[in-house]
>>> print(open('target.tsv').read())   # TSV, C-alpha atoms
chain	number	residue	atom	x	y	z
A	1	MET	CA	56.43	-109.43	13.58
A	2	LEU	CA	52.88	-110.76	13.76
A	3	LYS	CA	50.27	-108.99	11.65
A	4	SER	CA	48.21	-108.07	14.72
A	5	LYS	CA	51.16	-106.47	16.54
A	6	LEU	CA	52.23	-104.65	13.39
A	7	ARG	CA	48.68	-103.39	12.89
A	8	LYS	CA	48.47	-101.97	16.44
A	9	LYS	CA	51.85	-100.27	16.12
A	10	ILE	CA	51.11	-98.58	12.77
A	11	LEU	CA	47.56	-97.58	13.77
A	12	LYS	CA	48.94	-95.77	16.84
A	13	ILE	CA	51.44	-93.89	14.68
A	14	ARG	CA	48.73	-93.06	12.14
A	15	GLU	CA	46.39	-91.74	14.82
A	16	LYS	CA	49.10	-89.40	16.15
A	17	SER	CA	50.23	-88.29	12.70
A	18	ASN	CA	46.96	-87.69	10.90
A	19	LYS	CA	45.98	-84.55	12.73
A	20	LYS	CA	47.21	-82.31	9.92
A	21	ASN	CA	44.65	-83.34	7.27
A	22	ILE	CA	47.38	-84.58	4.91
A	23	GLN	CA	46.01	-85.00	1.39
A	24	ILE	CA	46.89	-87.13	-1.62
A	25	ASP	CA	47.54	-85.20	-4.83
A	26	PHE	CA	44.63	-85.87	-7.21
A	27	ASN	CA	46.90	-85.23	-10.21
A	28	GLN	CA	49.19	-88.11	-9.18
A	29	ILE	CA	46.25	-90.51	-9.47
A	30	THR	CA	44.89	-89.05	-12.71
A	31	LYS	CA	48.34	-89.39	-14.30
A	32	ILE	CA	48.29	-93.12	-13.51
A	33	LEU	CA	44.75	-93.47	-14.89
A	34	LYS	CA	45.53	-91.55	-18.09
A	35	LYS	CA	48.61	-93.69	-18.69
A	36	LYS	CA	46.43	-96.81	-18.39
A	37	ASN	CA	43.62	-95.19	-20.42
A	38	LEU	CA	41.14	-95.40	-17.53
A	39	ILE	CA	39.17	-92.24	-18.23
A	40	LYS	CA	35.54	-91.67	-17.14
A	41	LYS	CA	35.31	-95.06	-15.45
A	42	ILE	CA	33.85	-96.28	-12.16
A	43	VAL	CA	35.98	-95.43	-9.12
A	44	GLY	CA	35.49	-97.34	-5.90
A	45	GLY	CA	36.48	-95.29	-2.89
A	46	TYR	CA	35.94	-95.69	0.83
A	47	TYR	CA	34.62	-93.61	3.68
A	48	PRO	CA	37.70	-92.80	5.80
A	49	VAL	CA	37.71	-93.98	9.43
A	50	ASN	CA	40.44	-94.69	12.00
A	51	PHE	CA	42.59	-91.80	10.76
A	52	GLU	CA	42.89	-93.26	7.25
A	53	ILE	CA	43.97	-91.10	4.33
A	54	ASP	CA	40.87	-89.07	3.49
A	55	ASP	CA	39.83	-89.91	-0.08
A	56	LEU	CA	36.60	-87.88	-0.03
A	57	GLU	CA	38.22	-84.86	-1.73
A	58	LEU	CA	39.59	-87.22	-4.40
A	59	LEU	CA	36.12	-88.72	-4.91
A	60	LYS	CA	34.61	-85.22	-5.25
A	61	LYS	CA	37.15	-84.42	-7.97
A	62	PHE	CA	36.49	-87.73	-9.73
A	63	GLU	CA	32.76	-87.03	-9.70
A	64	LYS	CA	33.36	-83.50	-11.03
A	65	ASN	CA	35.46	-85.06	-13.83
A	66	LYS	CA	32.56	-87.31	-14.93
A	67	PHE	CA	33.70	-90.51	-13.24
A	68	ASN	CA	31.03	-92.59	-11.51
A	69	ILE	CA	31.94	-93.04	-7.87
A	70	SER	CA	31.01	-95.83	-5.51
A	71	LEU	CA	31.48	-96.90	-1.90
A	72	PRO	CA	31.60	-100.36	-0.30
A	73	VAL	CA	28.78	-101.99	1.61
A	74	ILE	CA	29.75	-104.72	4.09
A	75	LYS	CA	27.94	-108.06	3.69
A	76	LYS	CA	27.83	-111.30	5.67
A	77	ASN	CA	30.80	-113.69	5.72
A	78	PHE	CA	33.43	-110.97	5.33
A	79	GLN	CA	32.14	-110.01	1.88
A	80	MET	CA	31.53	-106.56	0.47
A	81	ASP	CA	30.21	-105.03	-2.74
A	82	PHE	CA	30.43	-101.56	-4.19
A	83	TYR	CA	27.36	-99.44	-4.81
A	84	LYS	CA	26.98	-96.39	-7.00
A	85	TRP	CA	27.03	-93.28	-4.87
A	86	SER	CA	27.13	-89.51	-5.22
A	87	PHE	CA	27.77	-86.78	-2.67
A	88	SER	CA	24.08	-85.88	-2.90
A	89	ASP	CA	23.02	-89.43	-1.88
A	90	PRO	CA	22.31	-90.40	1.73
A	91	LEU	CA	24.56	-92.71	3.75
A	92	LYS	CA	23.76	-95.03	6.62
A	93	VAL	CA	26.18	-96.23	9.29
A	94	ASN	CA	27.06	-99.94	9.30
A	95	LYS	CA	27.87	-102.16	12.30
A	96	TYR	CA	31.52	-100.99	12.26
A	97	GLY	CA	30.49	-97.33	12.40
A	98	ILE	CA	31.39	-96.74	8.74
A	99	PRO	CA	28.99	-94.76	6.52
A	100	GLU	CA	27.87	-96.66	3.41
A	101	PRO	CA	25.39	-96.00	0.56
A	102	GLU	CA	21.70	-96.58	1.20
A	103	THR	CA	20.97	-97.22	-2.47
A	104	LYS	CA	21.49	-100.69	-3.83
A	105	ASN	CA	22.83	-100.13	-7.35
A	106	ILE	CA	25.74	-102.58	-7.38
A	107	VAL	CA	28.70	-101.62	-9.57
A	108	TYR	CA	32.03	-103.19	-10.42
A	109	PRO	CA	34.71	-100.49	-10.11
A	110	ASP	CA	37.44	-100.18	-12.74
A	111	VAL	CA	39.61	-98.34	-10.24
A	112	LEU	CA	39.72	-99.24	-6.57
A	113	LEU	CA	41.10	-96.79	-3.99
A	114	VAL	CA	42.14	-99.04	-1.12
A	115	PRO	CA	42.78	-98.00	2.50
A	116	LEU	CA	45.58	-99.79	4.32
A	117	VAL	CA	47.38	-100.05	7.61
A	118	ALA	CA	50.88	-100.70	6.21
A	119	PHE	CA	52.58	-101.49	2.90
A	120	ASP	CA	55.96	-102.52	1.51
A	121	LYS	CA	57.95	-101.80	-1.65
A	122	ASN	CA	56.53	-104.96	-3.28
A	123	LEU	CA	52.97	-103.52	-3.25
A	124	ASN	CA	51.83	-105.80	-0.45
A	125	ARG	CA	49.18	-104.34	1.84
A	126	LEU	CA	48.39	-104.95	5.48
A	127	GLY	CA	44.72	-104.27	6.15
A	128	TYR	CA	42.62	-104.61	9.28
A	129	GLY	CA	42.57	-108.41	9.19
A	130	GLY	CA	39.05	-109.13	7.94
A	131	GLY	CA	40.12	-109.90	4.36
A	132	TYR	CA	37.28	-107.83	2.87
A	133	TYR	CA	39.44	-106.17	0.20
A	134	ASP	CA	41.34	-109.38	-0.60
A	135	ARG	CA	38.07	-111.25	-1.22
A	136	LEU	CA	36.62	-108.33	-3.21
A	137	ILE	CA	39.72	-107.95	-5.41
A	138	LYS	CA	39.75	-111.67	-6.14
A	139	LYS	CA	36.02	-111.62	-7.02
A	140	LEU	CA	36.23	-108.45	-9.17
A	141	SER	CA	39.34	-109.69	-10.99
A	142	LYS	CA	37.31	-112.63	-12.31
A	143	LYS	CA	34.79	-110.16	-13.84
A	144	LYS	CA	37.12	-107.51	-15.27
A	145	LYS	CA	40.57	-105.95	-15.13
A	146	ILE	CA	40.76	-103.56	-12.20
A	147	MET	CA	43.34	-101.00	-11.14
A	148	LYS	CA	44.10	-101.29	-7.42
A	149	ILE	CA	45.57	-98.15	-5.86
A	150	GLY	CA	46.43	-98.14	-2.17
A	151	LEU	CA	46.30	-94.76	-0.41
A	152	ALA	CA	48.68	-94.24	2.49
A	153	PHE	CA	50.88	-91.90	4.43
A	154	SER	CA	54.57	-92.33	3.61
A	155	PHE	CA	55.27	-93.35	7.23
A	156	GLN	CA	53.05	-96.44	6.80
A	157	LYS	CA	55.77	-98.12	4.69
A	158	ILE	CA	57.48	-101.04	6.41
A	159	ASP	CA	60.29	-103.35	5.28
A	160	LYS	CA	58.15	-106.39	4.62
A	161	VAL	CA	54.44	-107.04	5.02
A	162	PRO	CA	53.84	-110.62	6.23
A	163	ILE	CA	51.67	-112.19	3.52
A	164	ASN	CA	49.74	-115.40	2.94
A	165	ILE	CA	48.08	-117.02	-0.09
A	166	TYR	CA	44.89	-114.96	0.33
A	167	ASP	CA	46.60	-111.56	0.25
A	168	GLN	CA	46.12	-109.59	-2.97
A	169	LYS	CA	48.85	-107.24	-4.24
A	170	LEU	CA	48.07	-103.68	-5.26
A	171	ASP	CA	49.07	-102.11	-8.59
A	172	TYR	CA	50.19	-98.80	-7.06
A	173	ILE	CA	50.48	-97.21	-3.67
A	174	VAL	CA	50.12	-93.44	-3.67
A	175	THR	CA	51.34	-91.67	-0.57
A	176	ASN	CA	51.47	-88.01	0.42
A	177	LYS	CA	55.14	-87.98	-0.72
A	178	TYR	CA	55.72	-90.62	-3.44
A	179	ILE	CA	54.28	-93.43	-5.54
A	180	VAL	CA	55.22	-97.11	-5.30
A	181	LYS	CA	54.70	-99.09	-8.50
>>> encode(input="target.tsv", output="structure tokens")
Amino acid sequence: MLKSKLRKKILKIREKSNKKNIQIDFNQITKILKKKNLIKKIVGGYYPVNFEIDDLELLKKFEKNKFNISLPVIKKNFQMDFYKWSFSDPLKVNKYGIPEPETKNIVYPDVLLVPLVAFDKNLNRLGYGGGYYDRLIKKLSKKKKIMKIGLAFSFQKIDKVPINIYDQKLDYIVTNKYIVK
């Protein structure tokens, strides 16, 4: 199935299914980070839109546990960077209607919480088609080792995500029911 058709199909299912405020267990993620010795690091999250898994509660807990948190800011040419952010900092809405930090303190997250449309058992991710996360992961990986954790509902799993040479694999996918590693 073409990526665009797959995207539409899964997004419709996600919109219908995410009315119950399903949450990801914070302890599942901290277990992964402790195992990899990623304590008190920089976590890159996202502001949930389009019925994505809401990671804001996770980010609040990270901040409470002395992690620095950050959110992406969209740039030209399908690029994005992460900027230090706190729940007390203001946000502005970008051209896609997504809130992003107003401050311009660029950071390079050690842990990236990644939204997705669909995933498979091989840790491949289907995003929205802009390639923002693929470009970012490639760029950050040249600077440092990063842990890439996709957040999803269990029903977003498909047999096989169609991939190309630009697609970047994730290290883990944490769903509301299980973890893929």
>>> atom_distance(input="target.tsv", atom1="atom CA of Asn68 of chain A", atom2="atom CA of Gly129 of chain A")
28.5 Å
>>> residues_around(input="target.tsv", residues="Asn122 of chain A", least_positions_apart="5", cutoff="12 Å", atoms="all atoms listed in the file", output="VMD selection string")
chain A and resid 157 to 163 168 to 173 179 to 181
>>> residues_near_point(input="target.tsv", point="(37.2, -93.9, 5.3)", cutoff="10 Å", atoms="only C-alpha atoms", output="PyMOL selection string")
chain A and resi 45-56+71+98-100+114-115
>>> residues_around(input="target.tsv", residues="Lys41 of chain A", least_positions_apart="5", cutoff="12 Å", atoms="only C-alpha atoms", output="PyMOL selection string")
chain A and resi 30+33-34+36+62-63+65-70+84+107-112+146-147
>>> closest_atom_pairs(input="target.tsv", of="segment 70-94 of chain A", to="segment 136-145 of chain A", cutoff="9 Å", atoms="only C-alpha atoms", output="Markdown table")
| residue | atom | partner | partner_atom | distance |
| --- | --- | --- | --- | --- |
| A:Gln79 | CA | A:Leu136 | CA | 7.0 |
| A:Met80 | CA | A:Leu136 | CA | 6.5 |
| A:Asp81 | CA | A:Leu136 | CA | 7.2 |
>>> write_last_selection(input="target.tsv", atoms="C-alpha atoms", output="PDB file, in the frame of the given file")
ATOM      1  CA  GLN A  79      32.140-110.010   1.880  1.00  0.00           C
ATOM      2  CA  MET A  80      31.530-106.560   0.470  1.00  0.00           C
ATOM      3  CA  ASP A  81      30.210-105.030  -2.740  1.00  0.00           C
TER       4      ASP A  81
END
>>> atom_distance(input="target.tsv", atom1="atom CA of Glu57 of chain A", atom2="atom CA of Asp25 of chain A")
9.8 Å
>>> atom_distance(input="target.tsv", atom1="atom CA of Arg7 of chain A", atom2="atom CA of Arg125 of chain A")
11.1 Å
>>> closest_residue(input="target.tsv", among="A:Leu116, A:Ile149, A:Leu91, A:Val73", to="Val43 of chain A", atoms="all atoms listed in the file")
A:Ile149
>>> closest_residue(input="target.tsv", among="A:Asn105, A:Asn18, A:Gln28, A:Asn124", to="Gly150 of chain A", atoms="all atoms listed in the file")
A:Asn124
>>> axis_aligned_box(input="target.tsv", around="segment 153-168 of chain A", padding_each_side="3 Å", output="lines of an AutoDock Vina configuration file")
center_x = 52.6
center_y = -104.5
center_z = 2.1
size_x = 21.4
size_y = 31.1
size_z = 16.2
>>> residues_around(input="target.tsv", residues="Glu102 of chain A", least_positions_apart="3", cutoff="9 Å", atoms="all atoms listed in the file", output="ChimeraX atom specification")
/A:73,83,85,89-92
>>> residues_around(input="target.tsv", residues="Leu6 of chain A", least_positions_apart="2", cutoff="10 Å", atoms="only C-alpha atoms", output="list in words")
Met1, Leu2, Lys3, Ser4, Lys8, Lys9, Ile10, Leu11, Val117, Ala118, Leu126, Ile158, Val161 and Pro162 of chain A
>>> closest_residue(input="target.tsv", among="A:Pro101, A:Gly131, A:Asp120, A:Lys75", to="Asn164 of chain A", atoms="all atoms listed in the file")
A:Gly131
>>> decode(input="target.tsv", residues="segment 100-112 of chain A", atoms="N, CA and C atoms", output="PDB file, in the first residue's frame")
ATOM      1  N   GLU A 100       5.068  25.791  19.532  1.00  0.00           N
ATOM      2  CA  GLU A 100       6.508  25.560  19.665  1.00  0.00           C
ATOM      3  C   GLU A 100       7.125  26.646  20.544  1.00  0.00           C
ATOM      4  N   PRO A 101       8.292  26.373  21.130  1.00  0.00           N
ATOM      5  CA  PRO A 101       8.912  27.339  22.049  1.00  0.00           C
ATOM      6  C   PRO A 101       9.202  28.676  21.380  1.00  0.00           C
ATOM      7  N   GLU A 102       9.037  29.747  22.160  1.00  0.00           N
ATOM      8  CA  GLU A 102       9.392  31.082  21.676  1.00  0.00           C
ATOM      9  C   GLU A 102      10.885  31.332  21.861  1.00  0.00           C
ATOM     10  N   THR A 103      11.452  30.764  22.915  1.00  0.00           N
ATOM     11  CA  THR A 103      12.873  30.986  23.204  1.00  0.00           C
ATOM     12  C   THR A 103      13.737  30.257  22.174  1.00  0.00           C
ATOM     13  N   LYS A 104      14.932  30.755  22.001  1.00  0.00           N
ATOM     14  CA  LYS A 104      15.797  30.185  20.969  1.00  0.00           C
ATOM     15  C   LYS A 104      17.085  29.591  21.549  1.00  0.00           C
ATOM     16  N   ASN A 105      16.949  28.794  22.613  1.00  0.00           N
ATOM     17  CA  ASN A 105      18.105  28.091  23.163  1.00  0.00           C
ATOM     18  C   ASN A 105      18.147  26.699  22.556  1.00  0.00           C
ATOM     19  N   ILE A 106      18.891  26.546  21.464  1.00  0.00           N
ATOM     20  CA  ILE A 106      18.940  25.263  20.765  1.00  0.00           C
ATOM     21  C   ILE A 106      19.612  24.217  21.653  1.00  0.00           C
ATOM     22  N   VAL A 107      19.070  23.000  21.633  1.00  0.00           N
ATOM     23  CA  VAL A 107      19.651  21.882  22.372  1.00  0.00           C
ATOM     24  C   VAL A 107      19.688  20.663  21.459  1.00  0.00           C
ATOM     25  N   TYR A 108      20.504  19.707  21.853  1.00  0.00           N
ATOM     26  CA  TYR A 108      20.600  18.451  21.109  1.00  0.00           C
ATOM     27  C   TYR A 108      20.166  17.328  22.042  1.00  0.00           C
ATOM     28  N   PRO A 109      18.898  16.907  21.929  1.00  0.00           N
ATOM     29  CA  PRO A 109      18.373  15.905  22.866  1.00  0.00           C
ATOM     30  C   PRO A 109      19.184  14.609  22.871  1.00  0.00           C
ATOM     31  N   ASP A 110      19.242  13.989  24.053  1.00  0.00           N
ATOM     32  CA  ASP A 110      19.842  12.656  24.191  1.00  0.00           C
ATOM     33  C   ASP A 110      18.769  11.604  23.934  1.00  0.00           C
ATOM     34  N   VAL A 111      17.534  11.971  24.274  1.00  0.00           N
ATOM     35  CA  VAL A 111      16.389  11.085  24.117  1.00  0.00           C
ATOM     36  C   VAL A 111      15.344  11.833  23.301  1.00  0.00           C
ATOM     37  N   LEU A 112      14.864  11.185  22.260  1.00  0.00           N
ATOM     38  CA  LEU A 112      13.876  11.796  21.386  1.00  0.00           C
ATOM     39  C   LEU A 112      12.587  10.991  21.465  1.00  0.00           C
TER      40      LEU A 112
END
